[in-house]
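Chemist: Take a look at the following structure, please.
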Amino acid sequence: MRVIAGKYRGRRLRGPQGLEIRPTGDRLKETLFNILAPRIPGAVVLDAFGGTGAIGIEALSRGAREVVFIEKSPAGSRLIRRNLGTCGIAAGARIVEQDIFAALRFLARQGFAADILYFDPPYDWEPYGDLLTLAFGRGLARAGAWVIIEHQFRTPPPAAGDGFASTRLVRQGDHCLSFYAAAPLPSA
């Protein structure tokens with residue numbers, strides 16, 4: 001696993017021990033960042049279910065202003081810290097070590113809002129609709145933000161819901177990236 005482009009290009013990141021953390025593959029990560037490239041410089045990014053931190057570190061490498069990692073596992077949080085250290089990243093990154101829903105509510109209370117929100121939950125995880133409703137409904141996704149969910153093809157997130165709608169699906173084998181944006185509220 002490596003940083004693909006930018007300031008930290010070529011840096012090798014530590015991978016997980018065991019099967020608890022599943023990193024995004026380099027090919028899918030490269031596809032993701034080819035799509036996000038114009039949005040990254042100066043962006044605030046949320047890397048939820050952070051695992052190794054590879055997505056957030058790639059964003060920082062390409063010019064993101066700030067990345068917040070959410071990782072409930074102490075081992076995962078340590079791995080993110082080690083990978084940040086490997087790249088020499090001391091500023092612009094913070095880790096919230098909580099369950100995803102508690103972490104999102106905590107960030108919303110702080111007034112945190114991101115330009116890009118990336119969710120890479122375990123593939124057997126299912127409350128995608130609740131996750132999207134919270135991200136869009138609590139202001140975590142600022143105006144014009146993109147929310148991206150990595151998932152398996154056979155377990156897709158909802159196409160639309162309260163305040164959000166799918167805008168794009170990218171598939172590589174059984175791995176998918178679903179992109180979401182805020183949907184206009186129905187008129188009364």
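Ordered as shown in the structure tokens, chains take letters A, B, and onward, while each chain numbers its residues from 1 and ligands are numbered from 1 in the order shown.
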Identify, on the basis of only C-alpha atoms, every residue whose closest approach to A:Leu32 does not exceed 9 Å; exclude the query and any residue fewer than 4 positions from it along the same chain; express the result as a VMD selection string.
Modeler: chain A and resid 27 to 28 36 to 37 170 177
Chemist: Env of stretch 137-144 of chain A: 12 Å cut, atoms = only C-alpha atoms, seq-sep filter 6 positions within chain, self excluded. Answer as a PDB file with C-alpha atoms, in the first residue's frame.
Modeler:
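The new file result_33.pdb reads:
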```
ATOM      1  CA  ARG A  39     -12.008  19.019  -5.623  1.00  0.00           C
ATOM      2  CA  ALA A  43     -10.709  20.733   0.749  1.00  0.00           C
ATOM      3  CA  VAL A  44     -11.827  19.538   4.158  1.00  0.00           C
ATOM      4  CA  VAL A  45     -12.137  15.744   4.005  1.00  0.00           C
ATOM      5  CA  LEU A  46     -13.743  13.191   6.303  1.00  0.00           C
ATOM      6  CA  VAL A  68     -10.646  14.114  10.009  1.00  0.00           C
ATOM      7  CA  PHE A 101     -22.730   7.520  14.624  1.00  0.00           C
ATOM      8  CA  ALA A 103     -18.438  10.456  16.028  1.00  0.00           C
ATOM      9  CA  LEU A 104     -20.666  12.088  13.396  1.00  0.00           C
ATOM     10  CA  ARG A 105     -22.964  13.559  16.069  1.00  0.00           C
ATOM     11  CA  PHE A 106     -19.882  14.807  17.971  1.00  0.00           C
ATOM     12  CA  LEU A 107     -18.484  16.484  14.836  1.00  0.00           C
ATOM     13  CA  ALA A 108     -21.889  18.016  14.019  1.00  0.00           C
ATOM     14  CA  ARG A 109     -22.064  19.563  17.522  1.00  0.00           C
ATOM     15  CA  GLN A 110     -18.628  21.074  16.872  1.00  0.00           C
ATOM     16  CA  GLY A 111     -19.903  22.664  13.640  1.00  0.00           C
ATOM     17  CA  PHE A 112     -17.626  20.521  11.477  1.00  0.00           C
ATOM     18  CA  ALA A 113     -18.488  20.476   7.771  1.00  0.00           C
ATOM     19  CA  ALA A 114     -16.579  18.749   4.970  1.00  0.00           C
ATOM     20  CA  ASP A 115     -16.290  19.116   1.209  1.00  0.00           C
ATOM     21  CA  ILE A 116     -15.682  15.375   0.730  1.00  0.00           C
ATOM     22  CA  LEU A 117     -16.965  12.643   3.043  1.00  0.00           C
ATOM     23  CA  TYR A 118     -15.633   9.152   2.380  1.00  0.00           C
ATOM     24  CA  GLY A 129     -29.420   5.198   4.791  1.00  0.00           C
ATOM     25  CA  ASP A 130     -28.991   6.272   8.429  1.00  0.00           C
ATOM     26  CA  LEU A 131     -25.405   7.239   7.704  1.00  0.00           C
ATOM     27  CA  GLY A 161     -33.354   9.429   0.796  1.00  0.00           C
ATOM     28  CA  ASP A 162     -34.215  12.354   3.016  1.00  0.00           C
ATOM     29  CA  GLY A 163     -32.054  15.162   1.614  1.00  0.00           C
ATOM     30  CA  PHE A 164     -29.673  13.128  -0.561  1.00  0.00           C
ATOM     31  CA  TYR A 180     -24.059  11.296  -3.311  1.00  0.00           C
ATOM     32  CA  ALA A 181     -25.009  14.951  -3.251  1.00  0.00           C
ATOM     33  CA  ALA A 182     -27.657  16.927  -1.421  1.00  0.00           C
ATOM     34  CA  ALA A 183     -31.072  16.608  -3.012  1.00  0.00           C
ATOM     35  CA  PRO A 184     -33.473  19.537  -3.098  1.00  0.00           C
ATOM     36  CA  LEU A 185     -36.174  19.352  -0.474  1.00  0.00           C
TER      37      LEU A 185
END
```
Chemist: Might you pull out every residue within 8 Å of A:Tyr123, with only C-alpha atoms counted and same-chain residues fewer than 3 positions away left off, and present them as a PDB file with C-alpha atoms, in the first residue's frame?
Modeler:
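That gives us part_4.pdb:
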```pdb
ATOM      1  CA  HIS A 151     -19.365  -1.025  -0.827  1.00  0.00           C
ATOM      2  CA  GLN A 152     -19.841  -4.379  -2.491  1.00  0.00           C
ATOM      3  CA  THR A 155     -25.118  -4.709  -1.092  1.00  0.00           C
TER       4      THR A 155
END
```
Chemist: Name the closest residue to A:Gly76 among the candidates A:Glu97, A:Asp47, A:Glu126, A:Glu150; distances are taken between atoms, counting only C-alpha atoms.
Modeler: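 Looking only at the distances to A:Gly76, the closest residue turns out to be A:Glu97.
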Chemist: Identify, on the basis of only C-alpha atoms, every residue whose closest approach to A:Arg94 does not exceed 10 Å; exclude the query and any residue fewer than 4 positions from it along the same chain; express the result as JSON, numbers by chain.
Modeler: {"A": [46, 66, 67, 68, 69, 70, 80, 81, 84, 90]}
Chemist: For the residues selected in the previous step, produce a file with C-alpha atoms as a PDB file, in the first residue's frame.
Modeler:
```pdb
ATOM      1  CA  LEU A  46     -13.743  13.191   6.303  1.00  0.00           C
ATOM      2  CA  GLU A  66      -7.682  19.168   6.648  1.00  0.00           C
ATOM      3  CA  VAL A  67      -8.644  15.524   7.130  1.00  0.00           C
ATOM      4  CA  VAL A  68     -10.646  14.114  10.009  1.00  0.00           C
ATOM      5  CA  PHE A  69     -10.361  10.361  10.415  1.00  0.00           C
ATOM      6  CA  ILE A  70     -13.054   8.362  12.209  1.00  0.00           C
ATOM      7  CA  ILE A  80      -3.454   5.787  11.206  1.00  0.00           C
ATOM      8  CA  ARG A  81      -1.117   7.625  13.612  1.00  0.00           C
ATOM      9  CA  LEU A  84       0.707   9.857   9.425  1.00  0.00           C
ATOM     10  CA  ALA A  90       1.981  16.701  11.938  1.00  0.00           C
TER      11      ALA A  90
END
```
Chemist: With only C-alpha atoms as the counted atoms, please give the residues lying no more than 12 Å from A:Gly85, apart from itself and same-chain residues fewer than 5 positions off, as a list in words.
Modeler: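 Here the answer would be Tyr8, Arg11, Arg12, Leu13, Arg14, Gly53, Ile57, Arg78, Leu79, Ile80, Ala90, Ala91 and Ala93 of chain A.
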Chemist: Where does DSSP see alpha helix (DSSP H) in stretch 78-117 of chain A, if you list the residues as a PDB file with N, CA and C atoms, in the first residue's frame?
Modeler:
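For reference, part-v7.pdb as written:
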```pdb
ATOM      1  N   ARG A  78      -4.196   3.592  16.024  1.00  0.00           N
ATOM      2  CA  ARG A  78      -2.725   3.545  16.131  1.00  0.00           C
ATOM      3  C   ARG A  78      -2.093   3.426  14.737  1.00  0.00           C
ATOM      4  N   LEU A  79      -2.718   2.620  13.881  1.00  0.00           N
ATOM      5  CA  LEU A  79      -2.200   2.439  12.526  1.00  0.00           C
ATOM      6  C   LEU A  79      -2.257   3.750  11.740  1.00  0.00           C
ATOM      7  N   ILE A  80      -3.354   4.481  11.873  1.00  0.00           N
ATOM      8  CA  ILE A  80      -3.454   5.787  11.206  1.00  0.00           C
ATOM      9  C   ILE A  80      -2.358   6.718  11.720  1.00  0.00           C
ATOM     10  N   ARG A  81      -2.171   6.768  13.041  1.00  0.00           N
ATOM     11  CA  ARG A  81      -1.117   7.625  13.612  1.00  0.00           C
ATOM     12  C   ARG A  81       0.264   7.240  13.082  1.00  0.00           C
ATOM     13  N   ARG A  82       0.527   5.945  13.007  1.00  0.00           N
ATOM     14  CA  ARG A  82       1.830   5.487  12.486  1.00  0.00           C
ATOM     15  C   ARG A  82       2.015   5.897  11.033  1.00  0.00           C
ATOM     16  N   ASN A  83       0.956   5.747  10.228  1.00  0.00           N
ATOM     17  CA  ASN A  83       1.067   6.118   8.820  1.00  0.00           C
ATOM     18  C   ASN A  83       1.186   7.624   8.634  1.00  0.00           C
ATOM     19  N   LEU A  84       0.510   8.399   9.465  1.00  0.00           N
ATOM     20  CA  LEU A  84       0.707   9.857   9.425  1.00  0.00           C
ATOM     21  C   LEU A  84       2.159  10.188   9.761  1.00  0.00           C
ATOM     22  N   GLY A  85       2.699   9.522  10.779  1.00  0.00           N
ATOM     23  CA  GLY A  85       4.092   9.730  11.170  1.00  0.00           C
ATOM     24  C   GLY A  85       5.066   9.330  10.083  1.00  0.00           C
ATOM     25  N   THR A  86       4.792   8.225   9.400  1.00  0.00           N
ATOM     26  CA  THR A  86       5.642   7.763   8.299  1.00  0.00           C
ATOM     27  C   THR A  86       5.750   8.830   7.214  1.00  0.00           C
ATOM     28  N   CYS A  87       4.653   9.553   6.999  1.00  0.00           N
ATOM     29  CA  CYS A  87       4.644  10.599   5.974  1.00  0.00           C
ATOM     30  C   CYS A  87       5.112  11.951   6.522  1.00  0.00           C
ATOM     31  N   ILE A 100     -19.087   5.188  14.604  1.00  0.00           N
ATOM     32  CA  ILE A 100     -19.371   6.125  13.512  1.00  0.00           C
ATOM     33  C   ILE A 100     -20.500   7.101  13.838  1.00  0.00           C
ATOM     34  N   PHE A 101     -21.605   6.622  14.375  1.00  0.00           N
ATOM     35  CA  PHE A 101     -22.730   7.520  14.624  1.00  0.00           C
ATOM     36  C   PHE A 101     -22.430   8.490  15.761  1.00  0.00           C
ATOM     37  N   ALA A 102     -21.772   8.021  16.818  1.00  0.00           N
ATOM     38  CA  ALA A 102     -21.370   8.918  17.916  1.00  0.00           C
ATOM     39  C   ALA A 102     -20.379   9.956  17.400  1.00  0.00           C
ATOM     40  N   ALA A 103     -19.439   9.536  16.568  1.00  0.00           N
ATOM     41  CA  ALA A 103     -18.438  10.456  16.028  1.00  0.00           C
ATOM     42  C   ALA A 103     -19.077  11.519  15.136  1.00  0.00           C
ATOM     43  N   LEU A 104     -20.013  11.113  14.281  1.00  0.00           N
ATOM     44  CA  LEU A 104     -20.666  12.088  13.396  1.00  0.00           C
ATOM     45  C   LEU A 104     -21.493  13.095  14.197  1.00  0.00           C
ATOM     46  N   ARG A 105     -22.198  12.623  15.221  1.00  0.00           N
ATOM     47  CA  ARG A 105     -22.964  13.559  16.069  1.00  0.00           C
ATOM     48  C   ARG A 105     -22.021  14.509  16.808  1.00  0.00           C
ATOM     49  N   PHE A 106     -20.899  13.986  17.300  1.00  0.00           N
ATOM     50  CA  PHE A 106     -19.882  14.807  17.971  1.00  0.00           C
ATOM     51  C   PHE A 106     -19.358  15.889  17.030  1.00  0.00           C
ATOM     52  N   LEU A 107     -18.997  15.514  15.809  1.00  0.00           N
ATOM     53  CA  LEU A 107     -18.484  16.484  14.836  1.00  0.00           C
ATOM     54  C   LEU A 107     -19.552  17.516  14.464  1.00  0.00           C
ATOM     55  N   ALA A 108     -20.801  17.083  14.337  1.00  0.00           N
ATOM     56  CA  ALA A 108     -21.889  18.016  14.019  1.00  0.00           C
ATOM     57  C   ALA A 108     -22.052  19.049  15.135  1.00  0.00           C
ATOM     58  N   ARG A 109     -21.965  18.611  16.393  1.00  0.00           N
ATOM     59  CA  ARG A 109     -22.064  19.563  17.522  1.00  0.00           C
ATOM     60  C   ARG A 109     -20.932  20.575  17.501  1.00  0.00           C
TER      61      ARG A 109
END
```
Chemist: A:Leu132, A:Ala145, A:Ala5, A:Ala75: which is nearest A:Ala59, counting only C-alpha atoms?
Modeler: A:Ala5
Chemist: Here is a test: counting only C-alpha atoms, which residue of A:Phe33, A:Trp146, A:Phe119, A:Phe153 is nearest to A:Ala48?
Modeler: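 Looking only at the distances to A:Ala48, the closest residue turns out to be A:Phe119.
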Chemist: Of the candidates A:Val96, A:Leu60, A:Ala54, A:Leu169, which one gets nearest to A:Val147 if we count only C-alpha atoms?
Modeler: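 Of A:Val96, A:Leu60, A:Ala54, A:Leu169, the one nearest A:Val147 is A:Leu169, counting only C-alpha atoms.
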Chemist: In stretch 44-102 of chain A, what's strand (DSSP E) per DSSP? Answer as a list in words?
Modeler: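 Reading the DSSP output for stretch 44-102 of chain A, strand (DSSP E) covers Val44, Val45, Leu46, Asp47, Ala48, Glu66, Val67, Val68, Phe69, Ile70, Ala93, Arg94, Ile95 and Val96 of chain A.
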